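Engineer: My file is work_7.csv. It has CSV, C-alpha atoms:
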chain,number,residue,atom,x,y,z
G,1,MET,CA,-14.9,4.6,-20.9
G,2,ALA,CA,-11.9,2.8,-19.2
G,3,THR,CA,-12.2,2.3,-15.5
G,4,LEU,CA,-9.5,1.5,-13.0
G,5,SER,CA,-10.9,-0.6,-10.3
G,6,LEU,CA,-9.2,0.0,-6.9
G,7,ILE,CA,-9.4,-2.9,-4.5
G,8,ALA,CA,-9.4,-0.7,-1.4
G,9,GLU,CA,-10.2,-3.5,1.1
G,10,PRO,CA,-6.8,-4.1,2.7
G,11,PHE,CA,-5.2,-7.3,3.9
G,12,PRO,CA,-6.2,-7.6,7.6
G,13,ASP,CA,-2.9,-6.8,9.4
G,14,TRP,CA,-1.9,-4.1,11.9
G,15,GLU,CA,-1.8,-1.4,9.2
G,16,ALA,CA,-5.2,-2.2,7.5
G,17,ARG,CA,-7.0,0.9,8.7
G,18,VAL,CA,-4.2,3.2,7.5
G,19,HIS,CA,-4.2,1.4,4.1
G,20,PHE,CA,-7.9,2.0,3.8
G,21,ALA,CA,-7.5,5.7,4.6
G,22,ALA,CA,-4.7,6.0,2.1
G,23,ALA,CA,-6.9,4.2,-0.5
G,24,GLU,CA,-9.5,7.0,-0.2
G,25,ASP,CA,-6.8,9.6,-1.0
G,26,LEU,CA,-5.5,7.5,-3.9
G,27,ALA,CA,-9.1,7.2,-5.3
G,28,ASN,CA,-9.5,11.0,-5.2
G,29,ALA,CA,-6.1,11.4,-6.9
G,30,LEU,CA,-7.0,8.8,-9.6
G,31,ALA,CA,-10.1,10.8,-10.4
G,32,ALA,CA,-8.3,14.1,-10.5
G,33,THR,CA,-5.6,12.8,-12.8
G,34,ALA,CA,-7.7,10.4,-14.9
G,35,PRO,CA,-7.0,10.6,-18.7
G,36,ARG,CA,-10.0,11.6,-20.8
G,37,SER,CA,-12.8,9.1,-20.8
G,38,CYS,CA,-11.3,7.3,-17.8
G,39,SER,CA,-12.6,6.9,-14.2
G,40,ALA,CA,-11.9,5.1,-10.9
G,41,ARG,CA,-14.0,2.5,-9.0
G,42,PHE,CA,-13.5,2.1,-5.3
G,43,LEU,CA,-14.2,-1.5,-4.1
G,44,SER,CA,-14.6,-2.3,-0.5
G,45,ALA,CA,-16.0,-5.4,1.3
G,46,ARG,CA,-19.6,-5.9,2.1
G,47,GLY,CA,-20.3,-4.3,5.4
G,48,THR,CA,-17.5,-1.7,5.1
G,49,VAL,CA,-18.6,1.9,5.0
G,50,PRO,CA,-17.0,3.4,2.0
G,51,PRO,CA,-15.9,7.1,1.9
G,52,GLU,CA,-18.1,9.7,0.3
G,53,PHE,CA,-16.6,10.9,-3.0
G,54,ASN,CA,-17.5,14.2,-4.7
G,55,SER,CA,-16.0,13.5,-8.0
G,56,PRO,CA,-18.2,12.1,-10.8
G,57,ARG,CA,-15.2,10.2,-11.9
G,58,ILE,CA,-15.3,7.9,-8.9
G,59,SER,CA,-17.9,5.2,-8.1
G,60,ALA,CA,-18.0,3.3,-4.9
G,61,GLU,CA,-19.1,-0.3,-4.9
G,62,HIS,CA,-19.3,-3.2,-2.4
G,63,LEU,CA,-17.7,-6.6,-3.1
G,64,PRO,CA,-20.2,-9.5,-2.6
G,65,MET,CA,-18.2,-10.8,0.4
G,66,GLY,CA,-17.4,-9.5,3.9
G,67,ALA,CA,-13.9,-8.5,4.9
G,68,ASN,CA,-13.4,-11.6,7.1
G,69,ALA,CA,-14.0,-14.0,4.2
G,70,LEU,CA,-11.8,-12.3,1.6
G,71,PRO,CA,-8.3,-13.6,2.7
G,72,ILE,CA,-9.6,-17.2,2.5
G,73,LEU,CA,-11.9,-17.0,-0.6
G,74,TRP,CA,-9.5,-14.9,-2.7
G,75,GLN,CA,-6.9,-17.6,-2.6
G,76,SER,CA,-9.1,-19.5,-5.2
G,77,SER,CA,-8.6,-18.6,-8.8
G,78,THR,CA,-12.3,-18.9,-9.5
G,79,THR,CA,-13.0,-15.8,-7.5
G,80,ALA,CA,-10.9,-13.8,-9.9
G,81,ARG,CA,-13.2,-14.4,-12.9
G,82,PRO,CA,-15.2,-11.1,-12.2
G,83,LEU,CA,-12.0,-9.2,-12.9
G,84,ASP,CA,-11.5,-10.7,-16.4
G,85,GLY,CA,-11.0,-7.9,-18.9
G,86,GLU,CA,-10.8,-5.3,-16.0
G,87,MET,CA,-8.0,-2.8,-15.2
G,88,THR,CA,-7.4,-3.4,-11.5
G,89,HIS,CA,-5.1,-2.1,-8.8
G,90,SER,CA,-4.9,-3.5,-5.2
G,91,VAL,CA,-3.5,-1.4,-2.3
G,92,THR,CA,-2.2,-4.6,-0.6
G,93,PRO,CA,-1.3,-8.1,-1.9
G,94,MET,CA,-4.9,-9.3,-1.2
G,95,ILE,CA,-6.4,-9.7,-4.6
G,96,PRO,CA,-8.0,-12.7,-6.5
G,97,LEU,CA,-5.8,-13.7,-9.4
G,98,ARG,CA,-5.7,-16.4,-12.0
G,99,SER,CA,-4.0,-17.4,-15.2
G,100,ARG,CA,-5.5,-15.6,-18.3
G,101,ALA,CA,-4.8,-15.3,-22.0
G,102,GLU,CA,-2.4,-12.4,-22.8
G,103,ASP,CA,-4.9,-10.8,-25.1
G,104,ASP,CA,-8.0,-10.8,-22.9
G,105,GLY,CA,-7.5,-7.1,-21.9
G,106,THR,CA,-7.0,-7.8,-18.2
G,107,GLN,CA,-4.5,-5.5,-16.4
G,108,THR,CA,-3.5,-6.0,-12.8
G,109,THR,CA,-1.1,-4.1,-10.5
G,110,VAL,CA,-0.5,-5.2,-6.9
G,111,THR,CA,1.1,-3.2,-4.1
G,112,VAL,CA,3.4,-5.0,-1.7
G,113,PRO,CA,3.8,-2.3,0.9
G,114,ASN,CA,6.6,-3.9,3.0
G,115,GLY,CA,8.7,-7.0,3.4
G,116,LEU,CA,7.9,-8.0,7.0
G,117,ALA,CA,6.5,-11.4,6.0
G,118,TRP,CA,10.0,-12.4,5.0
G,119,GLU,CA,12.3,-10.1,7.1
G,120,ALA,CA,10.4,-10.1,10.4
G,121,PRO,CA,7.6,-12.6,10.3
G,122,ASP,CA,7.2,-12.6,14.1
G,123,LEU,CA,5.7,-9.1,13.7
G,124,LEU,CA,2.7,-10.8,12.0
G,125,THR,CA,0.6,-13.6,13.3
G,126,PRO,CA,1.6,-16.9,11.7
G,127,ALA,CA,-1.6,-16.8,9.6
G,128,GLN,CA,-0.9,-13.3,8.4
G,129,ALA,CA,2.7,-14.1,7.5
G,130,ARG,CA,1.7,-17.2,5.6
G,131,LEU,CA,-1.2,-15.6,3.8
G,132,THR,CA,0.9,-12.5,2.8
G,133,ARG,CA,3.6,-14.7,1.3
G,134,SER,CA,0.9,-16.8,-0.5
G,135,PHE,CA,-0.8,-13.7,-2.0
G,136,VAL,CA,2.5,-12.2,-3.1
G,137,LYS,CA,3.6,-15.5,-4.7
G,138,ARG,CA,0.4,-15.5,-6.7
G,139,ALA,CA,0.9,-11.9,-7.6
G,140,ALA,CA,4.4,-12.5,-8.8
G,141,ARG,CA,3.0,-15.3,-11.0
G,142,TYR,CA,-0.1,-13.6,-12.4
G,143,ALA,CA,0.0,-9.8,-11.9
G,144,ASP,CA,1.4,-7.6,-14.7
G,145,VAL,CA,3.4,-5.4,-12.3
G,146,LEU,CA,4.1,-5.4,-8.6
G,147,ILE,CA,4.4,-2.0,-6.9
G,148,THR,CA,6.5,-1.5,-3.8
G,149,THR,CA,7.1,1.5,-1.6
G,150,SER,CA,10.9,1.1,-1.5
G,151,HIS,CA,13.8,-0.2,-3.6
G,152,SER,CA,14.8,-2.5,-0.7
G,153,THR,CA,11.4,-4.2,-0.8
G,154,ALA,CA,11.6,-4.4,-4.6
G,155,SER,CA,15.0,-6.1,-4.3
G,156,LEU,CA,13.7,-8.5,-1.7
G,157,LEU,CA,10.8,-9.6,-3.9
G,158,GLN,CA,13.2,-10.1,-6.9
G,159,GLU,CA,15.4,-12.2,-4.7
G,160,HIS,CA,12.5,-14.5,-3.8
G,161,TYR,CA,10.6,-14.6,-7.1
G,162,GLY,CA,13.2,-13.9,-9.8
G,163,HIS,CA,15.3,-11.0,-10.9
G,164,ASP,CA,13.1,-10.5,-14.0
G,165,LEU,CA,10.0,-9.9,-11.8
G,166,PRO,CA,8.4,-6.6,-13.0
G,167,VAL,CA,8.5,-4.3,-10.0
G,168,GLN,CA,7.9,-0.6,-9.9
G,169,VAL,CA,8.8,1.6,-6.8
G,170,ILE,CA,6.3,4.3,-5.9
G,171,PRO,CA,7.2,5.9,-2.5
G,172,PRO,CA,4.3,6.1,0.1
G,173,VAL,CA,2.3,9.2,0.7
G,174,ALA,CA,0.7,9.8,4.1
G,175,PRO,CA,-3.1,9.6,4.2
G,176,SER,CA,-4.9,12.9,4.8
G,177,ALA,CA,-5.8,11.8,8.3
G,178,PHE,CA,-2.1,11.8,9.2
G,179,LEU,CA,-1.6,15.4,8.2
G,180,ALA,CA,-2.2,18.7,9.9
G,181,ALA,CA,-5.8,19.8,9.9
G,182,ALA,CA,-7.8,22.8,11.1
G,183,ASP,CA,-8.5,21.2,14.4
G,184,SER,CA,-5.0,19.8,15.0
G,185,GLU,CA,-4.1,22.4,17.7
G,186,SER,CA,-7.3,21.7,19.6
G,187,ARG,CA,-6.7,18.0,19.4
G,188,ARG,CA,-3.2,18.5,20.9
G,189,GLU,CA,-4.7,20.6,23.7
G,190,ARG,CA,-7.4,17.9,24.4
G,191,LEU,CA,-4.6,15.3,24.6
G,192,GLY,CA,-2.7,17.5,27.1
G,193,LEU,CA,0.4,17.9,24.9
G,194,PRO,CA,2.9,20.6,25.6
G,195,GLU,CA,4.0,23.1,22.9
G,196,ARG,CA,7.3,21.4,22.2
G,197,TYR,CA,7.7,17.6,22.2
G,198,LEU,CA,9.2,14.7,20.4
G,199,VAL,CA,7.2,11.7,19.2
G,200,THR,CA,7.7,8.0,18.6
G,201,THR,CA,5.6,5.1,17.6
G,202,ALA,CA,8.0,2.4,18.8
G,203,ASN,CA,7.1,-0.5,21.0
G,204,LEU,CA,9.0,-2.0,23.9
G,205,ASP,CA,9.8,-5.3,22.2
G,206,ASP,CA,13.1,-6.2,20.5
G,207,HIS,CA,12.0,-5.0,17.1
G,208,GLY,CA,10.5,-1.7,18.4
G,209,ARG,CA,13.4,-0.7,20.6
G,210,LEU,CA,11.5,2.0,22.5
G,211,GLN,CA,14.0,1.4,25.3
G,212,TRP,CA,16.6,3.3,23.3
G,213,VAL,CA,14.4,6.4,23.6
G,214,LEU,CA,13.6,5.8,27.3
G,215,ASP,CA,17.3,5.4,28.0
G,216,ALA,CA,18.1,8.7,26.3
G,217,TYR,CA,15.5,10.4,28.4
G,218,GLU,CA,16.9,8.9,31.6
G,219,SER,CA,20.4,10.1,30.6
G,220,ASP,CA,19.4,13.6,29.5
G,221,PRO,CA,16.9,15.5,31.6
G,222,SER,CA,17.0,18.5,29.2
G,223,LEU,CA,15.2,16.7,26.3
G,224,PRO,CA,11.7,17.9,25.4
G,225,HIS,CA,8.6,16.1,26.4
G,226,LEU,CA,8.1,12.7,24.8
G,227,VAL,CA,4.8,11.5,23.2
G,228,VAL,CA,4.6,7.7,22.6
G,229,VAL,CA,1.8,6.8,20.1
G,230,SER,CA,1.0,3.2,20.9
G,231,GLY,CA,-0.8,0.7,18.7
G,232,LEU,CA,0.4,2.0,15.3
G,233,ASP,CA,3.4,-0.4,15.0
G,234,PRO,CA,3.1,-4.2,14.8
G,235,VAL,CA,3.8,-6.1,17.9
G,236,GLN,CA,6.0,-9.1,18.3
G,237,HIS,CA,3.9,-12.3,18.3
G,238,VAL,CA,6.0,-14.4,20.7
G,239,LYS,CA,5.1,-15.5,24.2
G,240,GLY,CA,6.0,-12.9,26.8
G,241,ALA,CA,6.7,-10.0,24.4
G,242,PRO,CA,5.7,-6.6,25.7
G,243,GLN,CA,2.4,-5.2,24.4
G,244,PRO,CA,1.5,-1.6,23.5
G,245,GLY,CA,-0.6,-1.3,26.7
G,246,ASP,CA,2.5,-2.1,28.8
G,247,VAL,CA,4.3,1.1,28.0
G,248,VAL,CA,2.8,3.2,30.8
G,249,SER,CA,3.6,0.6,33.5
G,250,LYS,CA,7.1,0.1,32.2
G,251,LEU,CA,8.1,3.8,32.3
G,252,PRO,CA,10.9,4.5,34.8
G,253,ALA,CA,9.7,6.6,37.7
G,254,SER,CA,12.4,9.2,36.9
G,255,ILE,CA,10.9,10.1,33.5
G,256,ARG,CA,7.2,9.3,34.0
G,257,ASP,CA,6.2,13.0,34.2
G,258,ARG,CA,8.1,13.7,30.9
G,259,VAL,CA,6.3,11.1,28.8
G,260,THR,CA,2.7,11.0,27.5
G,261,VAL,CA,1.3,7.8,26.0
G,262,VAL,CA,-1.5,8.2,23.5
G,263,PRO,CA,-3.3,5.3,21.9
G,264,GLY,CA,-3.2,5.6,18.1
G,265,GLU,CA,-6.9,4.7,17.8
G,266,ASP,CA,-8.0,8.0,16.1
G,267,LEU,CA,-6.0,8.6,13.0
G,268,SER,CA,-6.7,12.3,13.1
G,269,ASP,CA,-5.2,12.5,16.6
G,270,VAL,CA,-2.1,10.7,15.2
G,271,GLY,CA,-2.0,13.4,12.4
G,272,ALA,CA,-2.3,16.2,15.0
G,273,ILE,CA,0.6,14.7,17.1
G,274,LEU,CA,2.9,14.0,14.2
G,275,SER,CA,2.4,17.5,12.6
G,276,GLY,CA,3.2,19.3,15.8
G,277,ALA,CA,6.3,17.4,16.9
G,278,ALA,CA,9.9,18.8,16.8
G,279,MET,CA,11.2,15.4,15.7
G,280,LEU,CA,10.1,11.9,15.0
G,281,LEU,CA,12.1,9.1,16.7
G,282,GLN,CA,12.1,5.7,15.0
G,283,PRO,CA,14.6,3.3,16.6
G,284,GLN,CA,12.8,0.3,15.1
G,285,SER,CA,14.8,-2.5,13.5
G,286,PHE,CA,12.1,-2.9,10.7
G,287,ALA,CA,10.4,-0.7,8.2
G,288,GLY,CA,6.6,-0.9,7.5
G,289,THR,CA,5.0,0.9,4.6
G,290,GLY,CA,6.4,4.3,5.7
G,291,TYR,CA,3.2,6.3,6.3
G,292,THR,CA,4.4,7.7,9.6
G,293,ILE,CA,7.7,8.9,8.3
G,294,ALA,CA,5.9,10.4,5.2
G,295,ALA,CA,3.5,12.2,7.4
G,296,ALA,CA,6.3,13.7,9.5
G,297,LEU,CA,8.3,14.8,6.5
G,298,MET,CA,5.1,16.3,4.9
G,299,ALA,CA,4.8,18.4,8.1
G,300,GLY,CA,8.5,19.4,8.0
G,301,VAL,CA,9.4,17.2,11.0
G,302,PRO,CA,12.9,15.6,10.8
G,303,VAL,CA,13.5,12.0,11.7
G,304,LEU,CA,16.1,10.2,13.9
G,305,HIS,CA,16.0,6.5,12.9
G,306,ALA,CA,18.0,3.3,13.2
G,307,GLY,CA,19.1,3.1,9.6
G,308,SER,CA,17.0,0.4,7.9
G,309,THR,CA,17.5,0.5,4.2
G,310,ALA,CA,13.9,1.5,3.5
G,311,PHE,CA,14.1,4.4,6.1
G,312,ASP,CA,17.3,5.6,4.5
G,313,GLU,CA,15.6,5.8,1.1
G,314,GLN,CA,12.7,7.6,2.5
G,315,VAL,CA,14.4,10.1,4.8
G,316,LEU,CA,17.5,11.0,2.8
G,317,ASP,CA,19.0,14.2,4.3
G,318,ALA,CA,15.9,15.0,6.3
G,319,GLY,CA,17.1,13.0,9.3
G,320,ILE,CA,19.9,11.1,10.9
G,321,ALA,CA,20.5,7.3,11.0
G,322,GLU,CA,22.1,5.7,14.1
G,323,PRO,CA,21.9,1.9,14.0
G,324,GLU,CA,23.2,1.2,17.5
G,325,ALA,CA,21.7,2.3,20.8
G,326,PRO,CA,24.7,4.4,22.1
G,327,GLY,CA,24.9,6.4,18.9
G,328,PHE,CA,21.1,6.9,18.8
G,329,ILE,CA,21.1,8.2,22.4
G,330,THR,CA,24.1,10.4,21.8
G,331,ALA,CA,22.6,11.9,18.6
G,332,LEU,CA,19.3,12.6,20.3
G,333,SER,CA,21.0,14.6,23.1
G,334,ARG,CA,23.3,16.4,20.6
G,335,LEU,CA,20.4,17.5,18.4
G,336,PHE,CA,18.6,19.2,21.3
G,337,ILE,CA,21.5,21.1,22.8
G,338,ALA,CA,20.3,24.8,23.2
G,339,SER,CA,21.1,26.8,20.1
G,340,ALA,CA,21.1,30.5,19.1
G,341,GLY,CA,18.0,30.0,17.0
G,342,ASP,CA,19.7,31.5,13.9
G,343,GLY,CA,19.1,28.6,11.7
G,344,THR,CA,22.6,27.2,11.9
G,345,SER,CA,22.0,24.3,14.4
G,346,GLU,CA,21.9,20.7,13.2
G,347,LEU,CA,18.3,20.4,14.2
G,348,GLU,CA,17.3,23.6,12.3
G,349,ARG,CA,19.1,22.4,9.2
G,350,LEU,CA,17.4,19.0,9.4
G,351,THR,CA,14.0,20.7,9.8
G,352,VAL,CA,14.6,22.7,6.6
G,353,HIS,CA,15.6,19.5,4.7
G,354,ALA,CA,12.5,17.8,6.1
G,355,ALA,CA,10.2,20.5,4.7
G,356,ASP,CA,12.0,20.3,1.3
G,357,ARG,CA,11.6,16.5,1.3
G,358,GLY,CA,8.0,16.7,2.4
G,359,ARG,CA,7.1,18.8,-0.6
G,360,SER,CA,8.0,15.9,-2.9
G,361,TYR,CA,5.1,13.8,-1.7
G,362,SER,CA,1.9,14.0,-3.7
G,363,TRP,CA,-1.1,11.7,-4.2
G,364,ASN,CA,-1.6,13.1,-7.6
G,365,SER,CA,2.0,12.0,-8.5
G,366,VAL,CA,1.2,8.5,-7.3
G,367,ALA,CA,-2.0,8.4,-9.3
G,368,TRP,CA,-0.2,9.7,-12.5
G,369,GLN,CA,2.4,6.9,-12.1
G,370,LEU,CA,-0.3,4.3,-11.7
G,371,TRP,CA,-2.2,5.5,-14.8
G,372,GLU,CA,1.0,5.5,-16.7
G,373,THR,CA,1.9,2.0,-15.5
G,374,HIS,CA,-1.4,0.7,-16.8
G,375,ALA,CA,-1.0,2.5,-20.1
G,376,LEU,CA,2.3,0.8,-20.6
G,377,ILE,CA,1.1,-2.8,-19.8
Could you render the structure from this file as structure tokens?
Structural biologist:
Amino acid sequence: MATLSLIAEPFPDWEARVHFAAAEDLANALAATAPRSCSARFLSARGTVPPEFNSPRISAEHLPMGANALPILWQSSTTARPLDGEMTHSVTPMIPLRSRAEDDGTQTTVTVPNGLAWEAPDLLTPAQARLTRSFVKRAARYADVLITTSHSTASLLQEHYGHDLPVQVIPPVAPSAFLAAADSESRRERLGLPERYLVTTANLDDHGRLQWVLDAYESDPSLPHLVVVSGLDPVQHVKGAPQPGDVVSKLPASIRDRVTVVPGEDLSDVGAILSGAAMLLQPQSFAGTGYTIAAALMAGVPVLHAGSTAFDEQVLDAGIAEPEAPGFITALSRLFIASAGDGTSELERLTVHAADRGRSYSWNSVAWQLWETHALI
């Protein structure tokens, strides 16, 4: 029986816990879509509590090393020997790789979820940026196929590692924790959220541009309540840069009672917030993996963003791109001008498009593409 081993222990960056949650969904989808006589194996670090799987086509196993040791030890080719002859997929670039004979049966696919290590390295620690580039360089040399979440990241990798680099684009799907659940309404009540609100995950630093949103609220007192989910986005690792915990103290007094700041510690709370919002505001200058936007679209929530290429690919007509602060502020006010509620307003049309776009996301589709990719190697 052929088994696809899923390295679910993610690279330890700001998005690691979301990657791990997504890996659980991917494992379930791999089992649900597995060809006859095939199965999936979920690999996590020693000490990590793996999810409980109900499908007999999934087994969960621990790697012999703890999570803290993997980024260092897996840079050595000798640690890749246990994967000889295996069919393996990694949800992040962190995977042990080495040179092998072409006919030894080994198949390896590696996900590179974003291009921050090249485009905005100060959003990672120096060690994270260096290790990410190192792992991706090894993957470009030894893996069969690299998988990215956007065409812009695929192009970036080919610019750095050769235009003949085999890259496949598979758009991200939000982990289940980021989606509406039976207790979402009670979670929103517990957090003290109003019935209608907008949400953003932006930080105050130069990359996050939360100030764009705060300026819009200062200029337009009619905008709905704002929820800032802090701690989901990467922070700028330069001296003096604002931190997520600074948001409350930095709020202007004139809008303080119109803004709620919620730490993004509980992913299910994040899912409840995203699924109940009227719009997701993403003024950031960078694009991460795209889980947050995928979650919004899967809930039928449109997006106002700053027009990064990856966001454009993901949102399409389910949102609006405004790359400069004045346009972003103006668009936000325009979208929330009172309307007749007959479905003809710009916001109502975007909401319909968001629901249509959200229906295109499926973990089973991702799993099918992954099985197909390995079948073609």
Engineer: Between atom CA of Ser184 of chain G and atom CA of Asp266 of chain G, measure the distance and give it in Å to one decimal.
Structural biologist: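 The value is 12.2 Å.
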Engineer: From the set G:Ser77, G:Gln243, G:Ser275, G:Gln128, which residue has the shortest atom-to-atom contact distance to Asp206 of chain G, counting only C-alpha atoms?
Structural biologist: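 Closest to Asp206 of chain G, using only C-alpha atoms: G:Gln243.
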Engineer: Could you jot down the atom CA of Leu297 of chain G to atom CA of Phe311 of chain G separation for me, Å, one decimal place?
Structural biologist: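 Distance reported for this atom pair: 11.9 Å.
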Engineer: Would you list the contacts of Pro35 of chain G as a PDB file with C-alpha atoms, in the frame of the given file, taking every protein, DNA or RNA residue within 10 Å and counting all atoms listed in the file, but skipping same-chain residues closer than 3 positions in sequence?
Structural biologist:
ATOM      1  CA  ALA G   2     -11.900   2.800 -19.200  1.00  0.00           C
ATOM      2  CA  LEU G  30      -7.000   8.800  -9.600  1.00  0.00           C
ATOM      3  CA  ALA G  31     -10.100  10.800 -10.400  1.00  0.00           C
ATOM      4  CA  ALA G  32      -8.300  14.100 -10.500  1.00  0.00           C
ATOM      5  CA  CYS G  38     -11.300   7.300 -17.800  1.00  0.00           C
ATOM      6  CA  SER G  39     -12.600   6.900 -14.200  1.00  0.00           C
ATOM      7  CA  TRP G 368      -0.200   9.700 -12.500  1.00  0.00           C
ATOM      8  CA  TRP G 371      -2.200   5.500 -14.800  1.00  0.00           C
ATOM      9  CA  GLU G 372       1.000   5.500 -16.700  1.00  0.00           C
TER      10      GLU G 372
END
Engineer: For Ala338 of chain G, work out the shell of residues within 12 Å, counting all atoms listed in the file and skipping chain neighbours fewer than 2 positions away, then give it as number ranges by chain.
Structural biologist: G: 222-224, 333-336, 340-342, 344-348
Engineer: What's the 12 Å shell around Leu146 of chain G, counting all atoms listed in the file, without same-chain residues fewer than 4 positions away, as a CSV table (one decimal) with C-alpha atoms, in the frame of the given file?
Structural biologist:
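Result file follows (result_5.csv):
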chain,number,residue,atom,x,y,z
G,89,HIS,CA,-5.1,-2.1,-8.8
G,90,SER,CA,-4.9,-3.5,-5.2
G,91,VAL,CA,-3.5,-1.4,-2.3
G,92,THR,CA,-2.2,-4.6,-0.6
G,93,PRO,CA,-1.3,-8.1,-1.9
G,107,GLN,CA,-4.5,-5.5,-16.4
G,108,THR,CA,-3.5,-6.0,-12.8
G,109,THR,CA,-1.1,-4.1,-10.5
G,110,VAL,CA,-0.5,-5.2,-6.9
G,111,THR,CA,1.1,-3.2,-4.1
G,112,VAL,CA,3.4,-5.0,-1.7
G,113,PRO,CA,3.8,-2.3,0.9
G,114,ASN,CA,6.6,-3.9,3.0
G,135,PHE,CA,-0.8,-13.7,-2.0
G,136,VAL,CA,2.5,-12.2,-3.1
G,137,LYS,CA,3.6,-15.5,-4.7
G,138,ARG,CA,0.4,-15.5,-6.7
G,139,ALA,CA,0.9,-11.9,-7.6
G,140,ALA,CA,4.4,-12.5,-8.8
G,141,ARG,CA,3.0,-15.3,-11.0
G,142,TYR,CA,-0.1,-13.6,-12.4
G,150,SER,CA,10.9,1.1,-1.5
G,153,THR,CA,11.4,-4.2,-0.8
G,154,ALA,CA,11.6,-4.4,-4.6
G,155,SER,CA,15.0,-6.1,-4.3
G,157,LEU,CA,10.8,-9.6,-3.9
G,158,GLN,CA,13.2,-10.1,-6.9
G,161,TYR,CA,10.6,-14.6,-7.1
G,164,ASP,CA,13.1,-10.5,-14.0
G,165,LEU,CA,10.0,-9.9,-11.8
G,166,PRO,CA,8.4,-6.6,-13.0
G,167,VAL,CA,8.5,-4.3,-10.0
G,168,GLN,CA,7.9,-0.6,-9.9
G,169,VAL,CA,8.8,1.6,-6.8
G,170,ILE,CA,6.3,4.3,-5.9
G,370,LEU,CA,-0.3,4.3,-11.7
G,373,THR,CA,1.9,2.0,-15.5
G,374,HIS,CA,-1.4,0.7,-16.8
G,377,ILE,CA,1.1,-2.8,-19.8
Engineer: When you count all atoms listed in the file, which of these residues is closest to Pro263 of chain G: G:Gln284, G:Leu191, G:Arg17, G:Gly307?
Structural biologist: G:Leu191
Engineer: Can you measure atom CA of Trp118 of chain G to atom CA of Arg130 of chain G for me? One decimal in Å is fine.
Structural biologist: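 Computed distance, atom CA of Trp118 of chain G to atom CA of Arg130 of chain G, equals 9.6 Å.
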Engineer: Just want the 12 Å neighbourhood of Thr289 of chain G, counted on all atoms listed in the file, with same-chain residues fewer than 5 positions away dropped. Output as a PyMOL selection string.
Structural biologist: chain G and resi 14-16+18-19+22+91-92+111-116+147-150+152-153+170-175+232-234+294-295+310-311+314
Engineer: Produce a file of the selected residues containing C-alpha atoms, as an mmCIF file, keeping the file's coordinate frame.
Structural biologist:
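So the final result, stored in part_27.cif, reads:
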data_model
loop_
_atom_site.group_PDB
_atom_site.id
_atom_site.type_symbol
_atom_site.label_atom_id
_atom_site.label_comp_id
_atom_site.auth_asym_id
_atom_site.auth_seq_id
_atom_site.Cartn_x
_atom_site.Cartn_y
_atom_site.Cartn_z
ATOM 1 C CA TRP G 14 -1.900 -4.100 11.900
ATOM 2 C CA GLU G 15 -1.800 -1.400 9.200
ATOM 3 C CA ALA G 16 -5.200 -2.200 7.500
ATOM 4 C CA VAL G 18 -4.200 3.200 7.500
ATOM 5 C CA HIS G 19 -4.200 1.400 4.100
ATOM 6 C CA ALA G 22 -4.700 6.000 2.100
ATOM 7 C CA VAL G 91 -3.500 -1.400 -2.300
ATOM 8 C CA THR G 92 -2.200 -4.600 -0.600
ATOM 9 C CA THR G 111 1.100 -3.200 -4.100
ATOM 10 C CA VAL G 112 3.400 -5.000 -1.700
ATOM 11 C CA PRO G 113 3.800 -2.300 0.900
ATOM 12 C CA ASN G 114 6.600 -3.900 3.000
ATOM 13 C CA GLY G 115 8.700 -7.000 3.400
ATOM 14 C CA LEU G 116 7.900 -8.000 7.000
ATOM 15 C CA ILE G 147 4.400 -2.000 -6.900
ATOM 16 C CA THR G 148 6.500 -1.500 -3.800
ATOM 17 C CA THR G 149 7.100 1.500 -1.600
ATOM 18 C CA SER G 150 10.900 1.100 -1.500
ATOM 19 C CA SER G 152 14.800 -2.500 -0.700
ATOM 20 C CA THR G 153 11.400 -4.200 -0.800
ATOM 21 C CA ILE G 170 6.300 4.300 -5.900
ATOM 22 C CA PRO G 171 7.200 5.900 -2.500
ATOM 23 C CA PRO G 172 4.300 6.100 0.100
ATOM 24 C CA VAL G 173 2.300 9.200 0.700
ATOM 25 C CA ALA G 174 0.700 9.800 4.100
ATOM 26 C CA PRO G 175 -3.100 9.600 4.200
ATOM 27 C CA LEU G 232 0.400 2.000 15.300
ATOM 28 C CA ASP G 233 3.400 -0.400 15.000
ATOM 29 C CA PRO G 234 3.100 -4.200 14.800
ATOM 30 C CA ALA G 294 5.900 10.400 5.200
ATOM 31 C CA ALA G 295 3.500 12.200 7.400
ATOM 32 C CA ALA G 310 13.900 1.500 3.500
ATOM 33 C CA PHE G 311 14.100 4.400 6.100
ATOM 34 C CA GLN G 314 12.700 7.600 2.500
#
Engineer: Which residue, G:Val213, G:Ile7, G:Val49, G:Ala143, has the smallest gap to Leu280 of chain G when you use only C-alpha atoms?
Structural biologist: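 Between G:Val213, G:Ile7, G:Val49, G:Ala143, the residue approaching Leu280 of chain G most closely is G:Val213.
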Engineer: For Leu267 of chain G, please output as a PDB file with C-alpha atoms, keeping the file's coordinate frame all residues within 7 Å (counting all atoms listed in the file; exclusion window: fewer than 4 positions along the same chain).
Structural biologist:
ATOM      1  CA  ALA G 177      -5.800  11.800   8.300  1.00  0.00           C
ATOM      2  CA  PHE G 178      -2.100  11.800   9.200  1.00  0.00           C
ATOM      3  CA  GLY G 271      -2.000  13.400  12.400  1.00  0.00           C
TER       4      GLY G 271
END
Engineer: Between G:His305, G:Arg187, G:Arg133, G:His160, which is the closest to Gly208 of chain G once you count only C-alpha atoms?
Structural biologist: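 Of G:His305, G:Arg187, G:Arg133, G:His160, the one nearest Gly208 of chain G, counting only C-alpha atoms, is G:His305.
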Engineer: Measuring between only C-alpha atoms, which one of G:Asp356, G:Glu185, G:Asp246, G:Glu86 shows the shortest distance to Gly300 of chain G?
Structural biologist: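 Closest to Gly300 of chain G of all the choices is G:Asp356.
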